[in-house]
Protein chains: 2
Amino acid sequence: MKFIKTPVKGMCDMLPSDMRLREHVLGMIKKTYGTYGFMQIETPVMEHIENLTSKQGGDNEKLIFKVMKRGAELTRALESGSGELADNGLRYDLTVPLARYYANNKEKLPTPFKAMQLGSVWRADNPQKGRFRQFTQCDIDILGDDSSLAEIELITATSSMLTQIFSEIGITDFTVHINDRQILSAVALQAGFAEEEIGSVLISLDKFDKIGLDGIEKDLLANGYDAGMVERYLAVYRAVREGISIEEFCRSIGEEYLPARVVENLSEIIACVRPMLADGVKIVFDPTLVRGMGYYTGPIFEVTMDGYNFAIAGGGRYDKMIGKFSGQNVSASGFSIGFERIVTILKDHMKDSHKIGEGATAYLIGNRVSKERKTEVLATARQLREDGTVVTVLPMSKNMRHQIELLEAEGFTKFEKVFE
Amino acid sequence: MKFIKTPVKGMCDMLPSDMRLREHVLGMIKKTYGTYGFMQIETPVMEHIENLTSKQGGDNEKLIFKVMKRGAELTRALESGSGELADNGLRYDLTVPLARYYANNKEKLPTPFKAMQLGSVWRADNPQKGRFRQFTQCDIDILGDDSSLAEIELITATSSMLTQIFSEIGITDFTVHINDRQILSAVALQAGFAEEEIGSVLISLDKFDKIGLDGIEKDLLANGYDAGMVERYLAVYRAVREGISIEEFCRSIGEEYLPARVVENLSEIIACVRPMLADGVKIVFDPTLVRGMGYYTGPIFEVTMDGYNFAIAGGGRYDKMIGKFSGQNVSASGFSIGFERIVTILKDHMKDSHKIGEGATAYLIGNRVSKERKTEVLATARQLREDGTVVTVLPMSKNMRHQIELLEAEGFTKFEKVFE
């Protein structure tokens, strides 16, 4: 019999110290989002393969862990030689399940509905440092609200939550970047790009942080776009000065490309969010923010921290996506925080692993102790436990020093040796 | 494009009220077990197919959701026509992953190690009322402790946790049944059954609650066992009077079948646990308790409640199982609570669904409200949220009455309408 003691490739065993840190962070997330009225929901980890491969998931659809049919259905699929062998798959994100969930349960839910989901997702990606094949996602979404209040609540709640988490390790500064897909489109259209070219142009603009405007210029020219058009397009971004306001940036864009309400909407989001932010947190209009996913339709936003070259949270409005899934249009806006990234940053900044709370006590019981004496110890332990102290009662090991060292590493600080 | 809005067969979408109840119960479990020094761990939901099909999982191995190989490996397996198509499977319990986890991480863990696992498991069983294909298990296990302290801690912690959970709905009475596999074997051996017949005899005895001793007699005779032997065997159980002590029951069993230390060990567990139990909770020696799984080697126990014909928690010692998996012998004892059953009982006894905490407030914002007024509302909301009150800020729906009804159903009690 072959027994493999390591976890499945790209997946992790969580040690007790890992779990204490993760549970602590999840607790703060649930609590903060909870006070903002987001309601926790949960969907099965498995989804119908049809839902997962409906072309809304982009490249993630290539990374699905498929679950095989069973019994007679599997036999039939194998015999036919061409049948689909999988009937289900593990979800690769929490958005597809949310779309299905909302279609299935809409009548029982408040409207607008503020959903909070914390759960694992799976992608058969090449594992790398910090990238796993099973990882936790934390999403909040507001469904059925087409107003700026949705983005205001999403961004305020997430900023408040991040401030709380990071202030524990002394980090209070981060930046919320915000833009709007409609502004991005308008600039491209006004420069002369066709509607169907916008996707490709934005893929280039999305590389701004890595290659700058000159790099984007080369990229666009290499893609065969007209040099004059590319120049007109990039001139808008070259004119951007730090701290530029939305109104200033959009002044040069004609009303035929950009309705005034788009600018007003984004401006209102910033105006309402700004006074809610803690000291050290900024919200800035960022005209080159693109965010990869093609399904965004309105405001998009992400959070960055000095010293880290990735966003720790990101999201946006995706008014058309749920309709494409369920056939019923529902306006939607969401924010997803990079839970694994946040945990990594916290670990980087912690001197030591996350330990059991103060006063944790271990009773080490010698092997000749009578049951009467054990009963006394257990009664004392019960009292301490009822007061909330962590108490463990264990048989004393032959190598007691090593036993105590390992318990100390978890956070036990008091050791009572009971010999009789 | 086909879109299926219901969850995968046998699995559930959790509504906000479901999640509030589940999170509440999980919180009590984590807290109580935590104060007993059990440390939360987590393993990936996927395990190597080799580990899941190693014959330790009994019938559950027939119910595995298998995860298909991907890319070139899948192509090879399909082309060969005989290859295994799955490389992984979803775990059907938390014990197989625990065995693998312990083999993989033993050096980093305290010894004995007190593990707590809360997680989903999957079985492709026929769904019925109360039986799902994805469900939550809550297990505690003590690894590396061959003394009675393991059972004492497992039973005391679980009783304390159940008392806490059920007292909220006014139930304070339940019973811990305890027995020992070695006593069960000794009675059978002394009656004349052969070692290899014990498994089959215990399958009959396990039906005691359903068919009684007369039914068991018919069952054993139908299996072809000698009538005299069956009579000798059942005479031991026919002599049992309510409240019989272990010593009394075992007096008639010869030392050659039952070493005295087995009786002393079980007796010590009961003596040490009894004074720790809350009012209404009993621990009783139950000579006909079998517990299905073949892997138990010592004390076995389960918890029942009046009015429910199933155990709400069960467990026992399984000293040989981890060794069979990992090749390294580790004594082990565990207790698994039926989380879904407990949630079902709580729901049965609750007049209403589990609601958001007191004072939850909804601000409903009319569509002509200025951003200045919104900012004021958001500032008030922030203050309340910081004090821990749940506050939601939503656009007012056209059908405000319906909107308020749905929010009331979740537990919102205060509604502030903001028109300007």
# chains A, B, ... in the order shown; residues from 1 in each chain; ligands from 1
>>> select_by_dssp(residues="segment 37-127 of chain A", states="strand (DSSP E)", output="list in words")
Met39, Gln40, Met46, Glu47, His48, Lys66, Val67, Met68, Ala86, Asp87, Asn88, Gly89, Leu90, Phe113, Lys114, Ala115, Met116, Gln117, Leu118, Gly119, Ser120, Val121 and Trp122 of chain A
>>> residues_around(residues="Phe325 of chain A", least_positions_apart="6", cutoff="12 Å", atoms="only C-alpha atoms", output="PDB file with N, CA and C atoms, in the first residue's frame")
ATOM      1  N   GLU A  50     -20.976  22.936 -16.248  1.00  0.00           N
ATOM      2  CA  GLU A  50     -21.553  23.874 -17.236  1.00  0.00           C
ATOM      3  C   GLU A  50     -21.396  25.324 -16.772  1.00  0.00           C
ATOM      4  N   ASN A  51     -21.625  25.566 -15.472  1.00  0.00           N
ATOM      5  CA  ASN A  51     -21.535  26.935 -14.963  1.00  0.00           C
ATOM      6  C   ASN A  51     -20.089  27.436 -14.952  1.00  0.00           C
ATOM      7  N   LEU A  52     -19.161  26.505 -14.692  1.00  0.00           N
ATOM      8  CA  LEU A  52     -17.758  26.914 -14.583  1.00  0.00           C
ATOM      9  C   LEU A  52     -17.123  27.166 -15.947  1.00  0.00           C
ATOM     10  N   THR A  53     -17.712  26.598 -16.993  1.00  0.00           N
ATOM     11  CA  THR A  53     -17.077  26.715 -18.309  1.00  0.00           C
ATOM     12  C   THR A  53     -17.933  27.527 -19.268  1.00  0.00           C
ATOM     13  N   SER A  54     -18.551  28.591 -18.722  1.00  0.00           N
ATOM     14  CA  SER A  54     -19.472  29.373 -19.548  1.00  0.00           C
ATOM     15  C   SER A  54     -18.805  30.619 -20.114  1.00  0.00           C
ATOM     16  N   LYS A  55     -17.467  30.636 -20.079  1.00  0.00           N
ATOM     17  CA  LYS A  55     -16.681  31.720 -20.694  1.00  0.00           C
ATOM     18  C   LYS A  55     -16.697  33.031 -19.909  1.00  0.00           C
ATOM     19  N   GLN A  56     -17.295  33.034 -18.718  1.00  0.00           N
ATOM     20  CA  GLN A  56     -17.259  34.252 -17.901  1.00  0.00           C
ATOM     21  C   GLN A  56     -16.018  34.277 -17.017  1.00  0.00           C
ATOM     22  N   GLY A  57     -15.372  33.158 -16.837  1.00  0.00           N
ATOM     23  CA  GLY A  57     -14.260  33.061 -15.889  1.00  0.00           C
ATOM     24  C   GLY A  57     -12.897  33.341 -16.492  1.00  0.00           C
ATOM     25  N   THR A  95     -17.155  34.368  -7.454  1.00  0.00           N
ATOM     26  CA  THR A  95     -18.102  35.207  -8.185  1.00  0.00           C
ATOM     27  C   THR A  95     -19.088  34.372  -8.992  1.00  0.00           C
ATOM     28  N   VAL A  96     -18.593  33.336  -9.656  1.00  0.00           N
ATOM     29  CA  VAL A  96     -19.493  32.437 -10.382  1.00  0.00           C
ATOM     30  C   VAL A  96     -20.512  31.808  -9.417  1.00  0.00           C
ATOM     31  N   PRO A  97     -20.053  31.241  -8.273  1.00  0.00           N
ATOM     32  CA  PRO A  97     -21.036  30.707  -7.322  1.00  0.00           C
ATOM     33  C   PRO A  97     -22.008  31.774  -6.813  1.00  0.00           C
ATOM     34  N   LEU A  98     -21.525  33.013  -6.633  1.00  0.00           N
ATOM     35  CA  LEU A  98     -22.409  34.083  -6.169  1.00  0.00           C
ATOM     36  C   LEU A  98     -23.516  34.358  -7.181  1.00  0.00           C
ATOM     37  N   ALA A  99     -23.147  34.372  -8.460  1.00  0.00           N
ATOM     38  CA  ALA A  99     -24.145  34.604  -9.508  1.00  0.00           C
ATOM     39  C   ALA A  99     -25.214  33.499  -9.475  1.00  0.00           C
ATOM     40  N   ARG A 100     -24.767  32.250  -9.318  1.00  0.00           N
ATOM     41  CA  ARG A 100     -25.715  31.129  -9.246  1.00  0.00           C
ATOM     42  C   ARG A 100     -26.569  31.240  -7.983  1.00  0.00           C
ATOM     43  N   TYR A 101     -25.916  31.520  -6.861  1.00  0.00           N
ATOM     44  CA  TYR A 101     -26.599  31.641  -5.568  1.00  0.00           C
ATOM     45  C   TYR A 101     -27.691  32.702  -5.636  1.00  0.00           C
ATOM     46  N   TYR A 102     -27.354  33.848  -6.223  1.00  0.00           N
ATOM     47  CA  TYR A 102     -28.321  34.945  -6.254  1.00  0.00           C
ATOM     48  C   TYR A 102     -29.514  34.595  -7.147  1.00  0.00           C
ATOM     49  N   ALA A 103     -29.215  33.928  -8.263  1.00  0.00           N
ATOM     50  CA  ALA A 103     -30.310  33.488  -9.145  1.00  0.00           C
ATOM     51  C   ALA A 103     -31.218  32.497  -8.410  1.00  0.00           C
ATOM     52  N   ASN A 104     -30.634  31.676  -7.561  1.00  0.00           N
ATOM     53  CA  ASN A 104     -31.374  30.613  -6.873  1.00  0.00           C
ATOM     54  C   ASN A 104     -32.139  31.100  -5.636  1.00  0.00           C
ATOM     55  N   ASP A 319     -21.845  45.140 -13.875  1.00  0.00           N
ATOM     56  CA  ASP A 319     -23.310  45.142 -13.987  1.00  0.00           C
ATOM     57  C   ASP A 319     -23.864  44.091 -14.955  1.00  0.00           C
TER      58      ASP A 319
ATOM     59  N   MET B   1     -25.760  28.808 -24.117  1.00  0.00           N
ATOM     60  CA  MET B   1     -25.051  28.495 -22.876  1.00  0.00           C
ATOM     61  C   MET B   1     -26.036  28.035 -21.813  1.00  0.00           C
ATOM     62  N   LYS B   2     -25.732  26.871 -21.245  1.00  0.00           N
ATOM     63  CA  LYS B   2     -26.611  26.320 -20.238  1.00  0.00           C
ATOM     64  C   LYS B   2     -26.181  26.817 -18.859  1.00  0.00           C
ATOM     65  N   PHE B   3     -27.123  27.351 -18.107  1.00  0.00           N
ATOM     66  CA  PHE B   3     -26.804  27.821 -16.759  1.00  0.00           C
ATOM     67  C   PHE B   3     -27.737  27.125 -15.780  1.00  0.00           C
ATOM     68  N   ILE B   4     -27.168  26.491 -14.763  1.00  0.00           N
ATOM     69  CA  ILE B   4     -27.981  25.755 -13.796  1.00  0.00           C
ATOM     70  C   ILE B   4     -27.969  26.520 -12.490  1.00  0.00           C
ATOM     71  N   LYS B   5     -29.151  26.940 -12.036  1.00  0.00           N
ATOM     72  CA  LYS B   5     -29.136  27.833 -10.876  1.00  0.00           C
ATOM     73  C   LYS B   5     -29.203  27.101  -9.535  1.00  0.00           C
TER      74      LYS B   5
END
>>> closest_residue(among="A:Tyr318, A:Tyr225, A:Phe412, A:Tyr233", to="chain B", atoms="only C-alpha atoms")
A:Phe412
>>> atom_distance(atom1="atom CA of Gln182 of chain A", atom2="atom CA of Ser160 of chain A")
27.3 Å
>>> residues_around(residues="Met305 of chain B", least_positions_apart="3", cutoff="10 Å", atoms="only C-alpha atoms", output="list in words")
Ile171, Thr172, Asp173, Phe174, Thr175, Val176, Val281, Tyr308, Asn309, Phe310, Ala311 and Ile312 of chain B
>>> write_last_selection(atoms="C-alpha atoms", output="PDB file, in the first residue's frame")
ATOM      1  CA  ILE B 171     -31.750  21.334  26.918  1.00  0.00           C
ATOM      2  CA  THR B 172     -29.387  20.339  29.712  1.00  0.00           C
ATOM      3  CA  ASP B 173     -29.840  16.559  29.781  1.00  0.00           C
ATOM      4  CA  PHE B 174     -27.801  14.134  27.754  1.00  0.00           C
ATOM      5  CA  THR B 175     -25.956  10.882  28.280  1.00  0.00           C
ATOM      6  CA  VAL B 176     -22.398   9.823  27.543  1.00  0.00           C
ATOM      7  CA  VAL B 281     -25.293  15.100  32.066  1.00  0.00           C
ATOM      8  CA  TYR B 308     -33.392  11.679  19.165  1.00  0.00           C
ATOM      9  CA  ASN B 309     -32.653   8.224  17.848  1.00  0.00           C
ATOM     10  CA  PHE B 310     -29.125   9.035  16.726  1.00  0.00           C
ATOM     11  CA  ALA B 311     -25.887   9.849  18.537  1.00  0.00           C
ATOM     12  CA  ILE B 312     -24.912  13.519  18.399  1.00  0.00           C
TER      13      ILE B 312
END
>>> atom_distance(atom1="atom CA of Gln40 of chain B", atom2="atom CA of Ile356 of chain B")
26.7 Å
>>> atom_distance(atom1="atom CA of Thr392 of chain A", atom2="atom CA of Tyr36 of chain B")
5.5 Å
>>> closest_residue(among="A:Gly254, A:Gly338, A:Gly292, A:Gly89", to="Gly316 of chain A", atoms="only C-alpha atoms")
A:Gly292
>>> residues_around(residues="segment 211-217 of chain B", least_positions_apart="2", cutoff="8 Å", atoms="only C-alpha atoms", output="list in words")
Ser204, Leu205, Lys207, Phe208, Asp209, Asp219, Leu220, Leu221, Val230, Glu231, Leu234, Tyr237 and Arg238 of chain B
>>> write_last_selection(atoms="N, CA and C atoms", output="mmCIF file, in the first residue's frame")
data_model
loop_
_atom_site.group_PDB
_atom_site.id
_atom_site.type_symbol
_atom_site.label_atom_id
_atom_site.label_comp_id
_atom_site.auth_asym_id
_atom_site.auth_seq_id
_atom_site.Cartn_x
_atom_site.Cartn_y
_atom_site.Cartn_z
ATOM 1 N N SER B 204 -23.841 -7.853 14.631
ATOM 2 C CA SER B 204 -25.156 -8.224 15.168
ATOM 3 C C SER B 204 -25.464 -7.472 16.460
ATOM 4 N N LEU B 205 -24.507 -7.454 17.384
ATOM 5 C CA LEU B 205 -24.742 -6.801 18.683
ATOM 6 C C LEU B 205 -25.041 -5.305 18.506
ATOM 7 N N LYS B 207 -26.891 -3.989 16.579
ATOM 8 C CA LYS B 207 -28.300 -3.732 16.269
ATOM 9 C C LYS B 207 -29.175 -3.730 17.523
ATOM 10 N N PHE B 208 -28.557 -3.806 18.703
ATOM 11 C CA PHE B 208 -29.293 -3.938 19.966
ATOM 12 C C PHE B 208 -30.451 -2.940 20.090
ATOM 13 N N ASP B 209 -30.169 -1.658 19.816
ATOM 14 C CA ASP B 209 -31.217 -0.636 19.979
ATOM 15 C C ASP B 209 -32.408 -0.890 19.064
ATOM 16 N N ASP B 219 -30.418 -13.321 14.586
ATOM 17 C CA ASP B 219 -29.404 -12.877 13.637
ATOM 18 C C ASP B 219 -28.181 -13.806 13.677
ATOM 19 N N LEU B 220 -27.724 -14.095 14.904
ATOM 20 C CA LEU B 220 -26.516 -14.922 15.056
ATOM 21 C C LEU B 220 -26.783 -16.360 14.595
ATOM 22 N N LEU B 221 -27.978 -16.865 14.964
ATOM 23 C CA LEU B 221 -28.312 -18.234 14.546
ATOM 24 C C LEU B 221 -28.426 -18.304 13.019
ATOM 25 N N VAL B 230 -24.155 -19.163 21.133
ATOM 26 C CA VAL B 230 -24.953 -17.938 21.073
ATOM 27 C C VAL B 230 -25.651 -17.714 22.416
ATOM 28 N N GLU B 231 -26.165 -18.794 23.004
ATOM 29 C CA GLU B 231 -26.850 -18.670 24.289
ATOM 30 C C GLU B 231 -25.892 -18.201 25.389
ATOM 31 N N LEU B 234 -25.145 -14.482 24.786
ATOM 32 C CA LEU B 234 -26.205 -13.527 25.104
ATOM 33 C C LEU B 234 -26.577 -13.535 26.582
ATOM 34 N N TYR B 237 -25.285 -10.622 28.388
ATOM 35 C CA TYR B 237 -26.009 -9.373 28.185
ATOM 36 C C TYR B 237 -27.401 -9.414 28.798
ATOM 37 N N ARG B 238 -27.997 -10.635 28.851
ATOM 38 C CA ARG B 238 -29.331 -10.748 29.461
ATOM 39 C C ARG B 238 -29.255 -10.457 30.966
#
>>> closest_residue(among="A:Ser80, A:Thr158, A:Ser148, A:Ser252", to="chain B", atoms="only C-alpha atoms")
A:Ser148
>>> closest_residue(among="A:Gly144, A:Gly81, A:Gly170, A:Gly27", to="Met350 of chain A", atoms="only C-alpha atoms")
A:Gly170
>>> select_by_dssp(residues="segment 133-287 of chain B", states="alpha helix (DSSP H)", output="VMD selection string")
chain B and resid 148 to 167 181 to 191 198 to 205 208 to 222 227 to 238 246 to 250 260 to 273
>>> residues_around(residues="Gly10 of chain B", least_positions_apart="6", cutoff="10 Å", atoms="only C-alpha atoms", output="list of chain:residue names")
A:Pro44, B:Arg123, B:Ala124, B:Asp125, B:Asn126, B:Pro127, B:Gln128, B:Lys129, B:Gly130, B:Arg131, B:Phe132, B:Arg133, B:Gln134, B:Phe135
>>> write_last_selection(atoms="N, CA and C atoms", output="PDB file, in the first residue's frame")
ATOM      1  N   PRO A  44     -21.639  25.521  -1.987  1.00  0.00           N
ATOM      2  CA  PRO A  44     -20.797  24.316  -2.032  1.00  0.00           C
ATOM      3  C   PRO A  44     -19.500  24.600  -2.801  1.00  0.00           C
TER       4      PRO A  44
ATOM      5  N   ARG B 123     -19.199  13.038   0.411  1.00  0.00           N
ATOM      6  CA  ARG B 123     -19.507  11.642   0.133  1.00  0.00           C
ATOM      7  C   ARG B 123     -20.613  11.575  -0.908  1.00  0.00           C
ATOM      8  N   ALA B 124     -20.381  10.792  -1.958  1.00  0.00           N
ATOM      9  CA  ALA B 124     -21.353  10.678  -3.047  1.00  0.00           C
ATOM     10  C   ALA B 124     -22.428   9.664  -2.671  1.00  0.00           C
ATOM     11  N   ASP B 125     -23.029   9.914  -1.529  1.00  0.00           N
ATOM     12  CA  ASP B 125     -24.088   9.088  -0.957  1.00  0.00           C
ATOM     13  C   ASP B 125     -25.423   9.480  -1.582  1.00  0.00           C
ATOM     14  N   ASN B 126     -26.442   8.643  -1.419  1.00  0.00           N
ATOM     15  CA  ASN B 126     -27.769   9.076  -1.848  1.00  0.00           C
ATOM     16  C   ASN B 126     -28.292  10.135  -0.898  1.00  0.00           C
ATOM     17  N   PRO B 127     -28.538  11.336  -1.391  1.00  0.00           N
ATOM     18  CA  PRO B 127     -29.011  12.389  -0.485  1.00  0.00           C
ATOM     19  C   PRO B 127     -30.380  12.041   0.101  1.00  0.00           C
ATOM     20  N   GLN B 128     -30.581  12.325   1.392  1.00  0.00           N
ATOM     21  CA  GLN B 128     -31.876  12.162   2.061  1.00  0.00           C
ATOM     22  C   GLN B 128     -32.046  13.363   2.980  1.00  0.00           C
ATOM     23  N   LYS B 129     -33.218  13.429   3.628  1.00  0.00           N
ATOM     24  CA  LYS B 129     -33.422  14.494   4.609  1.00  0.00           C
ATOM     25  C   LYS B 129     -32.296  14.448   5.646  1.00  0.00           C
ATOM     26  N   GLY B 130     -31.614  15.543   5.798  1.00  0.00           N
ATOM     27  CA  GLY B 130     -30.564  15.608   6.819  1.00  0.00           C
ATOM     28  C   GLY B 130     -29.264  14.925   6.439  1.00  0.00           C
ATOM     29  N   ARG B 131     -29.207  14.324   5.243  1.00  0.00           N
ATOM     30  CA  ARG B 131     -27.933  13.748   4.807  1.00  0.00           C
ATOM     31  C   ARG B 131     -27.500  14.417   3.509  1.00  0.00           C
ATOM     32  N   PHE B 132     -26.341  15.045   3.552  1.00  0.00           N
ATOM     33  CA  PHE B 132     -25.886  15.831   2.417  1.00  0.00           C
ATOM     34  C   PHE B 132     -24.617  15.240   1.816  1.00  0.00           C
ATOM     35  N   ARG B 133     -24.291  15.693   0.618  1.00  0.00           N
ATOM     36  CA  ARG B 133     -23.068  15.214  -0.034  1.00  0.00           C
ATOM     37  C   ARG B 133     -21.855  16.071   0.337  1.00  0.00           C
ATOM     38  N   GLN B 134     -22.110  17.277   0.835  1.00  0.00           N
ATOM     39  CA  GLN B 134     -21.043  18.077   1.450  1.00  0.00           C
ATOM     40  C   GLN B 134     -21.532  18.424   2.839  1.00  0.00           C
ATOM     41  N   PHE B 135     -20.776  18.075   3.859  1.00  0.00           N
ATOM     42  CA  PHE B 135     -21.203  18.428   5.214  1.00  0.00           C
ATOM     43  C   PHE B 135     -20.000  18.688   6.098  1.00  0.00           C
TER      44      PHE B 135
END
>>> closest_residue(among="B:Leu202, B:Leu162, B:Ile29, B:Leu78", to="chain A", atoms="only C-alpha atoms")
B:Leu78
>>> decode(residues="segment 374-382 of chain A", atoms="all heavy atoms", output="PDB file, in the first residue's frame")
ATOM      1  N   LYS A 374      -5.756  13.194  40.124  1.00  0.00           N
ATOM      2  CA  LYS A 374      -6.139  13.650  38.774  1.00  0.00           C
ATOM      3  C   LYS A 374      -7.442  14.441  38.821  1.00  0.00           C
ATOM      4  O   LYS A 374      -7.586  15.475  38.170  1.00  0.00           O
ATOM      5  CB  LYS A 374      -6.319  12.453  37.826  1.00  0.00           C
ATOM      6  CG  LYS A 374      -5.019  11.925  37.246  1.00  0.00           C
ATOM      7  CD  LYS A 374      -5.298  10.794  36.259  1.00  0.00           C
ATOM      8  CE  LYS A 374      -4.045   9.941  36.097  1.00  0.00           C
ATOM      9  NZ  LYS A 374      -4.319   8.647  35.461  1.00  0.00           N
ATOM     10  N   THR A 375      -8.400  13.922  39.607  1.00  0.00           N
ATOM     11  CA  THR A 375      -9.685  14.595  39.724  1.00  0.00           C
ATOM     12  C   THR A 375      -9.515  16.013  40.272  1.00  0.00           C
ATOM     13  O   THR A 375     -10.162  16.953  39.795  1.00  0.00           O
ATOM     14  CB  THR A 375     -10.633  13.770  40.622  1.00  0.00           C
ATOM     15  OG1 THR A 375     -10.691  12.444  40.109  1.00  0.00           O
ATOM     16  CG2 THR A 375     -12.035  14.350  40.630  1.00  0.00           C
ATOM     17  N   GLU A 376      -8.626  16.159  41.245  1.00  0.00           N
ATOM     18  CA  GLU A 376      -8.351  17.504  41.779  1.00  0.00           C
ATOM     19  C   GLU A 376      -7.796  18.432  40.702  1.00  0.00           C
ATOM     20  O   GLU A 376      -8.217  19.579  40.555  1.00  0.00           O
ATOM     21  CB  GLU A 376      -7.325  17.429  42.924  1.00  0.00           C
ATOM     22  CG  GLU A 376      -7.873  16.903  44.233  1.00  0.00           C
ATOM     23  CD  GLU A 376      -6.726  16.631  45.223  1.00  0.00           C
ATOM     24  OE1 GLU A 376      -5.664  17.299  45.121  1.00  0.00           O
ATOM     25  OE2 GLU A 376      -6.899  15.736  46.064  1.00  0.00           O
ATOM     26  N   VAL A 377      -6.817  17.907  39.966  1.00  0.00           N
ATOM     27  CA  VAL A 377      -6.203  18.715  38.902  1.00  0.00           C
ATOM     28  C   VAL A 377      -7.256  19.109  37.868  1.00  0.00           C
ATOM     29  O   VAL A 377      -7.328  20.269  37.439  1.00  0.00           O
ATOM     30  CB  VAL A 377      -5.054  17.932  38.223  1.00  0.00           C
ATOM     31  CG1 VAL A 377      -4.569  18.670  36.972  1.00  0.00           C
ATOM     32  CG2 VAL A 377      -3.903  17.727  39.202  1.00  0.00           C
ATOM     33  N   LEU A 378      -8.092  18.135  37.494  1.00  0.00           N
ATOM     34  CA  LEU A 378      -9.114  18.413  36.479  1.00  0.00           C
ATOM     35  C   LEU A 378     -10.107  19.473  36.959  1.00  0.00           C
ATOM     36  O   LEU A 378     -10.573  20.305  36.182  1.00  0.00           O
ATOM     37  CB  LEU A 378      -9.856  17.117  36.103  1.00  0.00           C
ATOM     38  CG  LEU A 378      -9.016  16.094  35.319  1.00  0.00           C
ATOM     39  CD1 LEU A 378      -9.677  14.724  35.333  1.00  0.00           C
ATOM     40  CD2 LEU A 378      -8.778  16.566  33.885  1.00  0.00           C
ATOM     41  N   ALA A 379     -10.412  19.454  38.253  1.00  0.00           N
ATOM     42  CA  ALA A 379     -11.344  20.445  38.803  1.00  0.00           C
ATOM     43  C   ALA A 379     -10.727  21.842  38.746  1.00  0.00           C
ATOM     44  O   ALA A 379     -11.400  22.817  38.385  1.00  0.00           O
ATOM     45  CB  ALA A 379     -11.724  20.073  40.234  1.00  0.00           C
ATOM     46  N   THR A 380      -9.454  21.943  39.078  1.00  0.00           N
ATOM     47  CA  THR A 380      -8.759  23.238  38.978  1.00  0.00           C
ATOM     48  C   THR A 380      -8.728  23.700  37.523  1.00  0.00           C
ATOM     49  O   THR A 380      -8.985  24.866  37.214  1.00  0.00           O
ATOM     50  CB  THR A 380      -7.307  23.107  39.486  1.00  0.00           C
ATOM     51  OG1 THR A 380      -7.319  22.430  40.734  1.00  0.00           O
ATOM     52  CG2 THR A 380      -6.648  24.470  39.634  1.00  0.00           C
ATOM     53  N   ALA A 381      -8.410  22.750  36.643  1.00  0.00           N
ATOM     54  CA  ALA A 381      -8.353  23.076  35.203  1.00  0.00           C
ATOM     55  C   ALA A 381      -9.714  23.580  34.716  1.00  0.00           C
ATOM     56  O   ALA A 381      -9.795  24.575  33.990  1.00  0.00           O
ATOM     57  CB  ALA A 381      -7.927  21.854  34.399  1.00  0.00           C
ATOM     58  N   ARG A 382     -10.773  22.921  35.169  1.00  0.00           N
ATOM     59  CA  ARG A 382     -12.103  23.324  34.727  1.00  0.00           C
ATOM     60  C   ARG A 382     -12.400  24.769  35.123  1.00  0.00           C
ATOM     61  O   ARG A 382     -12.938  25.551  34.330  1.00  0.00           O
ATOM     62  CB  ARG A 382     -13.178  22.396  35.303  1.00  0.00           C
ATOM     63  CG  ARG A 382     -14.566  22.763  34.804  1.00  0.00           C
ATOM     64  CD  ARG A 382     -15.642  21.839  35.295  1.00  0.00           C
ATOM     65  NE  ARG A 382     -15.712  21.834  36.750  1.00  0.00           N
ATOM     66  CZ  ARG A 382     -16.659  21.212  37.448  1.00  0.00           C
ATOM     67  NH1 ARG A 382     -17.589  20.523  36.816  1.00  0.00           N
ATOM     68  NH2 ARG A 382     -16.666  21.244  38.757  1.00  0.00           N
TER      69      ARG A 382
END
